[in-house]
>>> print(open('my_file_27.txt').read())   # compact mmCIF, C-alpha atoms and all ligand atoms
# COMPACT_ATOMS: atom_id res chain seq x y z
CA MET A 14 118.27 145.73 49.97
CA LYS A 15 118.09 142.25 48.46
CA LYS A 16 121.82 142.42 47.82
CA PHE A 17 122.43 143.47 51.43
CA PHE A 18 120.53 140.42 52.75
CA ALA A 19 122.32 138.10 50.35
CA MET A 20 125.64 139.44 51.60
CA LEU A 21 124.50 139.19 55.22
CA ILE A 22 123.47 135.56 54.73
CA ALA A 23 126.78 134.81 53.00
CA ALA A 24 128.67 136.41 55.90
CA ILE A 25 126.69 134.40 58.46
CA MET A 26 127.34 131.21 56.51
CA ILE A 27 131.09 131.87 56.39
CA LEU A 28 131.20 132.72 60.11
CA SER A 29 129.24 129.63 61.10
CA ALA A 30 131.54 127.46 58.97
CA PHE A 31 134.48 128.83 60.96
CA ALA A 32 132.60 128.30 64.24
CA ALA A 33 132.09 124.63 63.36
CA LEU A 34 135.78 124.27 62.69
CA ALA A 35 137.11 125.79 65.87
CA GLU A 36 134.32 126.62 68.29
CA ASN A 37 135.65 129.12 70.87
CA GLY A 38 139.17 128.08 70.01
CA THR A 39 138.38 124.43 70.71
CA LEU A 40 139.27 121.67 68.27
CA LYS A 41 137.06 118.58 68.28
CA LEU A 42 139.04 115.37 67.96
CA CYS A 43 137.21 112.12 67.28
CA THR A 44 138.80 108.80 68.13
CA ASN A 45 138.03 105.36 69.54
CA VAL A 46 139.43 105.37 73.07
CA ALA A 47 140.00 101.61 73.15
CA PHE A 48 143.23 101.34 71.19
CA PRO A 49 146.14 101.27 73.64
CA PRO A 50 148.80 102.69 73.60
CA TYR A 51 147.50 105.21 71.01
CA GLU A 52 144.30 106.02 72.91
CA PHE A 53 142.95 104.57 76.13
CA TYR A 54 141.47 105.71 79.44
CA GLY A 55 144.31 106.40 81.87
CA GLU A 56 144.42 107.78 85.39
CA GLY A 57 141.20 109.43 86.56
CA ASP A 58 139.45 107.98 83.50
CA GLU A 59 141.01 110.64 81.28
CA PRO A 60 141.78 109.74 77.66
CA THR A 61 145.53 109.51 77.05
CA GLY A 62 147.97 107.73 74.74
CA ILE A 63 150.30 108.61 71.88
CA ASP A 64 147.68 110.21 69.60
CA ILE A 65 146.02 112.12 72.43
CA GLU A 66 149.28 113.53 73.81
CA ILE A 67 150.56 114.54 70.35
CA ALA A 68 147.21 116.23 69.63
CA LYS A 69 147.38 118.03 73.00
CA ALA A 70 150.95 119.22 72.28
CA ILE A 71 149.92 120.58 68.87
CA CYS A 72 146.84 122.34 70.32
CA ALA A 73 148.96 123.85 73.10
CA LYS A 74 151.43 125.13 70.51
CA LEU A 75 148.65 126.67 68.40
CA GLY A 76 146.60 127.97 71.34
CA TYR A 77 143.55 125.74 70.91
CA ASP A 78 141.65 123.80 73.54
CA LEU A 79 141.10 120.15 72.71
CA GLU A 80 137.80 118.30 73.06
CA ILE A 81 138.07 114.50 72.72
CA VAL A 82 135.00 112.67 71.45
CA ASP A 83 135.03 108.88 71.89
CA ILE A 84 133.25 107.17 68.98
CA GLU A 85 133.55 103.92 67.01
CA PHE A 86 136.53 103.79 64.65
CA ALA A 87 134.14 103.15 61.74
CA GLN A 88 132.55 106.58 62.39
CA CYS A 89 135.82 108.53 62.47
CA ILE A 90 136.32 109.05 58.73
CA PRO A 91 132.64 109.82 57.98
CA GLY A 92 132.66 112.21 60.98
CA VAL A 93 135.70 114.07 59.70
CA GLN A 94 134.48 114.05 56.12
CA SER A 95 131.17 115.68 57.07
CA GLY A 96 132.93 118.30 59.20
CA LYS A 97 131.26 117.11 62.41
CA TYR A 98 134.75 116.87 63.94
CA ASP A 99 137.81 119.02 63.22
CA PHE A 100 140.06 115.98 62.93
CA SER A 101 140.66 112.39 63.89
CA ALA A 102 143.74 110.90 65.55
CA ALA A 103 143.05 107.20 65.91
CA GLY A 104 146.10 105.13 65.04
CA MET A 105 144.74 105.70 61.56
CA THR A 106 146.49 104.11 58.61
CA VAL A 107 147.02 106.19 55.49
CA THR A 108 145.42 104.38 52.55
CA GLU A 109 144.70 105.46 48.96
CA GLU A 110 140.94 104.95 49.50
CA ARG A 111 140.91 107.13 52.61
CA LYS A 112 142.89 109.85 50.82
CA GLU A 113 139.87 110.26 48.55
CA MET A 114 137.75 111.10 51.60
CA VAL A 115 140.03 113.06 53.97
CA GLN A 116 143.44 114.75 53.94
CA PHE A 117 146.19 113.29 56.07
CA THR A 118 148.89 115.04 58.07
CA ASP A 119 152.52 113.94 57.88
CA THR A 120 152.90 110.44 59.27
CA TYR A 121 154.19 110.15 62.84
CA ALA A 122 154.21 106.41 63.54
CA THR A 123 154.37 103.01 61.86
CA GLY A 124 151.87 100.23 62.45
CA ILE A 125 151.99 96.56 61.57
CA GLN A 126 148.92 94.39 61.15
CA VAL A 127 149.53 91.24 63.17
CA VAL A 128 147.57 88.07 63.90
CA ILE A 129 146.51 87.12 67.45
CA VAL A 130 145.74 83.43 68.06
CA PRO A 131 145.17 81.20 71.11
CA GLU A 132 148.45 80.30 72.78
CA ALA A 133 148.06 76.60 71.91
CA CYS A 134 147.69 77.32 68.18
CA GLU A 135 150.33 75.58 66.09
CA PHE A 136 149.68 77.43 62.83
CA GLU A 137 152.13 80.09 61.70
CA SER A 138 149.88 82.14 59.43
CA ILE A 139 146.22 82.66 58.49
CA ASP A 140 146.87 80.59 55.35
CA ASP A 141 147.76 77.60 57.55
CA PHE A 142 144.19 77.68 58.95
CA VAL A 143 142.78 77.65 55.41
CA GLU A 144 145.08 74.84 54.35
CA ALA A 145 144.20 72.67 57.36
CA ASN A 146 140.46 73.44 57.69
CA GLY A 147 139.47 74.65 54.23
CA THR A 148 138.33 77.93 55.81
CA VAL A 149 139.15 80.45 58.53
CA LYS A 150 137.07 82.65 60.85
CA ILE A 151 138.81 86.01 61.27
CA GLY A 152 137.87 88.64 63.84
CA ALA A 153 138.61 92.32 63.16
CA GLN A 154 137.61 95.78 64.24
CA MET A 155 135.00 97.18 61.86
CA ALA A 156 136.28 99.37 59.00
CA THR A 157 139.94 99.10 60.04
CA THR A 158 142.64 98.04 57.63
CA GLY A 159 142.67 94.67 59.44
CA ASP A 160 139.01 94.29 58.38
CA LEU A 161 139.55 95.60 54.83
CA TYR A 162 142.65 93.53 53.99
CA THR A 163 141.30 90.24 55.37
CA THR A 164 137.97 90.87 53.62
CA TRP A 165 139.82 91.21 50.30
CA ASP A 166 142.26 88.35 50.91
CA TYR A 167 139.99 85.77 52.55
CA GLU A 168 136.27 86.61 52.48
CA ASP A 169 136.16 87.87 48.87
CA GLU A 170 138.35 84.93 47.81
CA GLY A 171 135.96 82.41 49.39
CA LYS A 172 138.66 81.25 51.81
CA GLY A 173 136.95 82.29 55.03
CA THR A 174 134.77 84.83 56.84
CA VAL A 175 135.43 88.07 58.71
CA ASP A 176 133.46 88.91 61.88
CA ARG A 177 133.51 92.64 62.51
CA TYR A 178 133.44 94.14 66.02
CA ALA A 179 132.98 97.71 67.25
CA THR A 180 136.32 97.68 69.10
CA GLY A 181 139.55 95.68 68.99
CA ALA A 182 138.88 94.61 72.59
CA ALA A 183 135.53 93.09 71.54
CA ALA A 184 137.25 91.16 68.73
CA VAL A 185 139.76 89.81 71.26
CA GLN A 186 136.90 88.75 73.57
CA ALA A 187 135.36 86.84 70.64
CA LEU A 188 138.70 85.07 70.14
CA LEU A 189 138.84 84.15 73.84
CA ALA A 190 135.28 82.80 73.59
CA GLY A 191 136.28 80.67 70.58
CA LYS A 192 133.95 82.49 68.20
CA VAL A 193 136.80 83.27 65.77
CA ASP A 194 140.12 81.53 64.99
CA CYS A 195 142.27 84.67 65.04
CA VAL A 196 142.15 88.46 65.22
CA VAL A 197 143.96 90.78 62.80
CA ILE A 198 144.86 94.10 64.42
CA ASP A 199 147.67 96.67 64.81
CA ASN A 200 150.76 95.39 66.64
CA GLU A 201 150.89 97.77 69.61
CA PRO A 202 147.24 97.31 70.64
CA ALA A 203 147.77 93.57 69.99
CA LYS A 204 150.65 93.49 72.50
CA ASN A 205 148.45 95.27 75.05
CA PHE A 206 145.52 92.88 74.52
CA VAL A 207 147.79 89.82 74.77
CA ALA A 208 149.39 91.18 77.97
CA GLN A 209 145.97 91.86 79.51
CA ASN A 210 144.44 88.46 78.67
CA GLU A 211 145.75 84.98 79.46
CA GLY A 212 146.10 82.37 76.76
CA LEU A 213 146.85 84.46 73.67
CA LYS A 214 149.91 85.04 71.47
CA ILE A 215 150.91 87.00 68.38
CA LEU A 216 152.08 85.14 65.27
CA GLU A 217 155.56 86.08 64.13
CA SER A 218 154.65 86.64 60.49
CA ALA A 219 153.30 90.18 60.12
CA TYR A 220 150.33 90.78 57.89
CA ALA A 221 150.98 94.31 56.59
CA VAL A 222 153.13 97.36 57.42
CA GLU A 223 151.53 100.79 57.38
CA ASP A 224 151.88 104.50 58.29
CA TYR A 225 149.72 106.39 60.79
CA ALA A 226 148.55 109.96 60.30
CA MET A 227 145.79 112.26 61.55
CA ALA A 228 142.83 112.93 59.24
CA PHE A 229 141.25 116.30 58.43
CA PRO A 230 138.32 117.41 56.29
CA LYS A 231 139.55 118.28 52.79
CA ASP A 232 138.40 121.90 53.22
CA SER A 233 139.80 122.30 56.74
CA ALA A 234 140.91 125.86 57.55
CA ILE A 235 143.29 124.75 60.29
CA TYR A 236 144.94 121.82 58.48
CA ALA A 237 147.99 123.77 57.24
CA ASP A 238 148.83 125.31 60.65
CA PHE A 239 148.17 122.02 62.42
CA ASN A 240 150.38 120.00 60.08
CA ALA A 241 153.16 122.61 60.29
CA ALA A 242 153.04 122.39 64.10
CA LEU A 243 153.12 118.58 63.92
CA ALA A 244 156.15 118.73 61.58
CA GLU A 245 157.93 120.98 64.11
CA LEU A 246 157.14 118.62 66.98
CA ILE A 247 158.45 115.70 64.92
CA ALA A 248 161.64 117.65 64.05
CA ASP A 249 162.38 118.74 67.63
CA GLY A 250 161.93 115.22 69.05
CA THR A 251 158.72 115.91 71.02
CA VAL A 252 156.74 113.29 69.09
CA GLN A 253 159.41 110.61 69.60
CA GLY A 254 159.49 111.52 73.31
CA ILE A 255 155.73 110.92 73.54
CA ILE A 256 156.00 107.61 71.63
CA ASP A 257 158.82 106.44 73.94
CA GLN A 258 156.67 107.27 76.96
CA PHE A 259 154.00 104.80 75.81
CA ILE A 260 156.07 102.19 73.97
CA PRO A 261 158.97 101.11 76.16
CA ALA A 262 162.13 100.19 74.20
CA GLU A 263 162.39 96.44 73.70
N1 LIG B 1 145.33 101.26 61.85
C1 LIG B 1 144.05 100.69 61.66
C2 LIG B 1 143.29 101.49 60.65
O1 LIG B 1 143.57 102.62 60.42
C3 LIG B 1 143.26 100.56 62.95
C4 LIG B 1 142.96 101.85 63.66
C5 LIG B 1 142.05 101.72 64.88
O2 LIG B 1 141.44 100.70 65.09
N2 LIG B 1 141.97 102.73 65.72
O3 LIG B 1 142.37 101.01 60.04
>>> encode(input="my_file_27.txt", output="structure tokens")
Amino acid sequence: MKKFFAMLIAAIMILSAFAALAENGTLKLCTNVAFPPYEFYGEGDEPTGIDIEIAKAICAKLGYDLEIVDIEFAQCIPGVQSGKYDFSAAGMTVTEERKEMVQFTDTYATGIQVVIVPEACEFESIDDFVEANGTVKIGAQMATTGDLYTTWDYEDEGKGTVDRYATGAAAVQALLAGKVDCVVIDNEPAKNFVAQNEGLKILESAYAVEDYAMAFPKDSAIYADFNAALAELIADGTVQGIIDQFIPAE
């Protein structure tokens, strides 16, 4: 009898683990819907963008519904790691540190960390600020690679400070208000923010080049199928078609 209950409990635990992964055939995607053109609110206030449309195409291929949960970027990796969400697609850079916490799909896009400054700024790099003023005030989105790299290169080196904001848009507002000297963020959102706000420009010297991928829990049951479907959509040109829709050729 005891053995029967132990088995019953084990069976319930296994079933509920599966339910958390794909509740009623629905995959829970966490992202920060403030990162155009990868994720933003489009027509009818519906989340759209490169990540969202690729995720939708994969779910359609595999027969899952997709639920999009809008959270802070800093919560995306912890949320995936704990299994609260099935995956994250958030213009997320693959880094060695993150690989310890989550497993990444194949990469589907390249990002570049760039520096946004006021239009009148005559400096050509963050180092120019340090050279001229002895310090620099950098704005970044919390827990992004822009935050991590500038923390290592400037804050930890005693060359400046990093102010961390919940969204890239908030960091840009701080720059417009003169609270920081520059903002380090991914190039495509940077272009969007500069286009939407007067008086800003992007420095020509890039800060870092990186690869984007989607993040899954290490023990994810759907990871293999999902990544295989992504690989197919990359191979047949669907992914490039989606990217071209949101990033017009220059
Ligand atoms: N690519 C950056 C990172 O992964 C920023 C992502 C984001 O802000 N959504 O850290």
>>> closest_residue(input="my_file_27.txt", among="A:Thr164, A:Ser95, A:Gln209, A:Thr157", to="A:Val185", atoms="all atoms listed in the file")
A:Gln209
>>> closest_atom_pairs(input="my_file_27.txt", of="chain A", to="ligand LIG 1 (chain B)", cutoff="9 Å", atoms="all atoms listed in the file", output="JSON lines")
{"residue": "A:Thr44", "atom": "CA", "partner": "B:LIG1", "partner_atom": "N2", "distance": 7.3}
{"residue": "A:Asn45", "atom": "CA", "partner": "B:LIG1", "partner_atom": "N2", "distance": 6.1}
{"residue": "A:Val46", "atom": "CA", "partner": "B:LIG1", "partner_atom": "N2", "distance": 8.2}
{"residue": "A:Ala47", "atom": "CA", "partner": "B:LIG1", "partner_atom": "N2", "distance": 7.8}
{"residue": "A:Phe48", "atom": "CA", "partner": "B:LIG1", "partner_atom": "N2", "distance": 5.8}
{"residue": "A:Tyr51", "atom": "CA", "partner": "B:LIG1", "partner_atom": "N2", "distance": 8.0}
{"residue": "A:Glu52", "atom": "CA", "partner": "B:LIG1", "partner_atom": "N2", "distance": 8.2}
{"residue": "A:Glu85", "atom": "CA", "partner": "B:LIG1", "partner_atom": "N2", "distance": 8.6}
{"residue": "A:Phe86", "atom": "CA", "partner": "B:LIG1", "partner_atom": "N2", "distance": 5.6}
{"residue": "A:Ala87", "atom": "CA", "partner": "B:LIG1", "partner_atom": "O2", "distance": 8.4}
{"residue": "A:Ala102", "atom": "CA", "partner": "B:LIG1", "partner_atom": "N2", "distance": 8.4}
{"residue": "A:Ala103", "atom": "CA", "partner": "B:LIG1", "partner_atom": "N2", "distance": 4.6}
{"residue": "A:Gly104", "atom": "CA", "partner": "B:LIG1", "partner_atom": "C4", "distance": 4.7}
{"residue": "A:Met105", "atom": "CA", "partner": "B:LIG1", "partner_atom": "O1", "distance": 3.5}
{"residue": "A:Thr106", "atom": "CA", "partner": "B:LIG1", "partner_atom": "O1", "distance": 3.7}
{"residue": "A:Val107", "atom": "CA", "partner": "B:LIG1", "partner_atom": "O1", "distance": 7.0}
{"residue": "A:Thr108", "atom": "CA", "partner": "B:LIG1", "partner_atom": "O1", "distance": 8.3}
{"residue": "A:Gly124", "atom": "CA", "partner": "B:LIG1", "partner_atom": "N1", "distance": 6.6}
{"residue": "A:Ile125", "atom": "CA", "partner": "B:LIG1", "partner_atom": "N1", "distance": 8.2}
{"residue": "A:Gln126", "atom": "CA", "partner": "B:LIG1", "partner_atom": "N1", "distance": 7.8}
{"residue": "A:Gln154", "atom": "CA", "partner": "B:LIG1", "partner_atom": "O2", "distance": 6.3}
{"residue": "A:Met155", "atom": "CA", "partner": "B:LIG1", "partner_atom": "O2", "distance": 8.0}
{"residue": "A:Ala156", "atom": "CA", "partner": "B:LIG1", "partner_atom": "O3", "distance": 6.4}
{"residue": "A:Thr157", "atom": "CA", "partner": "B:LIG1", "partner_atom": "O3", "distance": 3.1}
{"residue": "A:Thr158", "atom": "CA", "partner": "B:LIG1", "partner_atom": "O3", "distance": 3.8}
{"residue": "A:Gly159", "atom": "CA", "partner": "B:LIG1", "partner_atom": "O3", "distance": 6.4}
{"residue": "A:Asp160", "atom": "CA", "partner": "B:LIG1", "partner_atom": "O3", "distance": 7.7}
{"residue": "A:Leu161", "atom": "CA", "partner": "B:LIG1", "partner_atom": "O3", "distance": 8.0}
{"residue": "A:Thr180", "atom": "CA", "partner": "B:LIG1", "partner_atom": "O2", "distance": 7.2}
{"residue": "A:Gly181", "atom": "CA", "partner": "B:LIG1", "partner_atom": "O2", "distance": 6.6}
{"residue": "A:Ile198", "atom": "CA", "partner": "B:LIG1", "partner_atom": "C3", "distance": 6.8}
{"residue": "A:Asp199", "atom": "CA", "partner": "B:LIG1", "partner_atom": "N1", "distance": 5.9}
{"residue": "A:Pro202", "atom": "CA", "partner": "B:LIG1", "partner_atom": "O2", "distance": 8.7}
{"residue": "A:Glu223", "atom": "CA", "partner": "B:LIG1", "partner_atom": "N1", "distance": 7.7}
{"residue": "A:Asp224", "atom": "CA", "partner": "B:LIG1", "partner_atom": "N1", "distance": 8.1}
{"residue": "A:Tyr225", "atom": "CA", "partner": "B:LIG1", "partner_atom": "N1", "distance": 6.8}
{"residue": "A:Ala226", "atom": "CA", "partner": "B:LIG1", "partner_atom": "O1", "distance": 8.9}
>>> residues_around(input="my_file_27.txt", residues="A:Gly254", least_positions_apart="6", cutoff="12 Å", atoms="only C-alpha atoms", output="list of chain:residue names")
A:Ile63, A:Glu66, A:Ile67, A:Ala70, A:Tyr121, A:Leu246, A:Ile247, A:Ala248, A:Ile260, A:Pro261, A:Ala262
>>> atom_distance(input="my_file_27.txt", atom1="atom CA of A:Pro131", atom2="atom CA of A:Gly62")
26.9 Å
>>> residues_around(input="my_file_27.txt", residues="A:Lys231", least_positions_apart="3", cutoff="12 Å", atoms="only C-alpha atoms", output="PyMOL selection string")
chain A and resi 90+93-96+99-100+111-118+228+234-237
>>> write_last_selection(input="my_file_27.txt", atoms="C-alpha atoms", output="PDB file, in the frame of the given file")
ATOM      1  CA  ILE A  90     136.320 109.050  58.730  1.00  0.00           C
ATOM      2  CA  VAL A  93     135.700 114.070  59.700  1.00  0.00           C
ATOM      3  CA  GLN A  94     134.480 114.050  56.120  1.00  0.00           C
ATOM      4  CA  SER A  95     131.170 115.680  57.070  1.00  0.00           C
ATOM      5  CA  GLY A  96     132.930 118.300  59.200  1.00  0.00           C
ATOM      6  CA  ASP A  99     137.810 119.020  63.220  1.00  0.00           C
ATOM      7  CA  PHE A 100     140.060 115.980  62.930  1.00  0.00           C
ATOM      8  CA  ARG A 111     140.910 107.130  52.610  1.00  0.00           C
ATOM      9  CA  LYS A 112     142.890 109.850  50.820  1.00  0.00           C
ATOM     10  CA  GLU A 113     139.870 110.260  48.550  1.00  0.00           C
ATOM     11  CA  MET A 114     137.750 111.100  51.600  1.00  0.00           C
ATOM     12  CA  VAL A 115     140.030 113.060  53.970  1.00  0.00           C
ATOM     13  CA  GLN A 116     143.440 114.750  53.940  1.00  0.00           C
ATOM     14  CA  PHE A 117     146.190 113.290  56.070  1.00  0.00           C
ATOM     15  CA  THR A 118     148.890 115.040  58.070  1.00  0.00           C
ATOM     16  CA  ALA A 228     142.830 112.930  59.240  1.00  0.00           C
ATOM     17  CA  ALA A 234     140.910 125.860  57.550  1.00  0.00           C
ATOM     18  CA  ILE A 235     143.290 124.750  60.290  1.00  0.00           C
ATOM     19  CA  TYR A 236     144.940 121.820  58.480  1.00  0.00           C
ATOM     20  CA  ALA A 237     147.990 123.770  57.240  1.00  0.00           C
TER      21      ALA A 237
END
>>> atom_distance(input="my_file_27.txt", atom1="atom CA of A:Thr123", atom2="atom CA of A:Val222")
7.3 Å
>>> build_atoms(input="my_file_27.txt", residues="stretch 199-224 of chain A", atoms="N, CA and C atoms", output="compact mmCIF listing (two decimals), keeping the file's coordinate frame")
# COMPACT_ATOMS: atom_id res chain seq x y z
N ASP A 199 146.37 95.98 64.75
CA ASP A 199 147.67 96.67 64.81
C ASP A 199 148.53 96.12 65.96
N ASN A 200 149.86 96.11 65.71
CA ASN A 200 150.76 95.39 66.64
C ASN A 200 150.79 95.93 68.06
N GLU A 201 150.79 97.25 68.24
CA GLU A 201 150.89 97.77 69.61
C GLU A 201 149.64 97.47 70.44
N PRO A 202 148.42 97.74 69.90
CA PRO A 202 147.24 97.31 70.64
C PRO A 202 147.25 95.79 70.85
N ALA A 203 147.72 95.04 69.85
CA ALA A 203 147.77 93.57 69.99
C ALA A 203 148.61 93.18 71.20
N LYS A 204 149.78 93.81 71.35
CA LYS A 204 150.65 93.49 72.50
C LYS A 204 149.93 93.80 73.80
N ASN A 205 149.21 94.92 73.84
CA ASN A 205 148.45 95.27 75.05
C ASN A 205 147.37 94.24 75.34
N PHE A 206 146.62 93.83 74.31
CA PHE A 206 145.52 92.88 74.52
C PHE A 206 146.07 91.52 74.98
N VAL A 207 147.20 91.11 74.41
CA VAL A 207 147.79 89.82 74.77
C VAL A 207 148.32 89.87 76.21
N ALA A 208 148.88 91.03 76.60
CA ALA A 208 149.39 91.18 77.97
C ALA A 208 148.24 91.17 78.98
N GLN A 209 147.10 91.75 78.58
CA GLN A 209 145.97 91.86 79.51
C GLN A 209 145.14 90.59 79.63
N ASN A 210 145.28 89.67 78.67
CA ASN A 210 144.44 88.46 78.67
C ASN A 210 145.33 87.22 78.62
N GLU A 211 144.98 86.24 79.44
CA GLU A 211 145.75 84.98 79.46
C GLU A 211 145.43 84.17 78.21
N GLY A 212 146.40 83.38 77.77
CA GLY A 212 146.10 82.37 76.76
C GLY A 212 146.13 82.82 75.31
N LEU A 213 146.78 83.97 75.06
CA LEU A 213 146.85 84.46 73.67
C LEU A 213 148.30 84.71 73.27
N LYS A 214 148.57 84.66 71.96
CA LYS A 214 149.91 85.04 71.47
C LYS A 214 149.78 85.70 70.10
N ILE A 215 150.88 86.34 69.69
CA ILE A 215 150.91 87.00 68.38
C ILE A 215 151.77 86.17 67.44
N LEU A 216 151.27 85.90 66.24
CA LEU A 216 152.08 85.14 65.27
C LEU A 216 153.25 85.99 64.80
N GLU A 217 154.36 85.32 64.51
CA GLU A 217 155.56 86.08 64.13
C GLU A 217 155.45 86.73 62.76
N SER A 218 154.74 86.07 61.84
CA SER A 218 154.65 86.64 60.49
C SER A 218 153.64 87.79 60.48
N ALA A 219 154.13 88.99 60.15
CA ALA A 219 153.30 90.18 60.12
C ALA A 219 152.39 90.13 58.90
N TYR A 220 151.28 90.82 58.99
CA TYR A 220 150.33 90.78 57.89
C TYR A 220 150.48 91.96 56.93
N ALA A 221 150.78 93.14 57.46
CA ALA A 221 150.98 94.31 56.59
C ALA A 221 151.66 95.42 57.41
N VAL A 222 152.46 96.24 56.75
CA VAL A 222 153.13 97.36 57.42
C VAL A 222 152.51 98.65 56.90
N GLU A 223 152.24 99.59 57.81
CA GLU A 223 151.53 100.79 57.38
C GLU A 223 151.93 102.04 58.16
N ASP A 224 151.56 103.21 57.64
CA ASP A 224 151.88 104.50 58.29
C ASP A 224 150.64 105.10 58.93
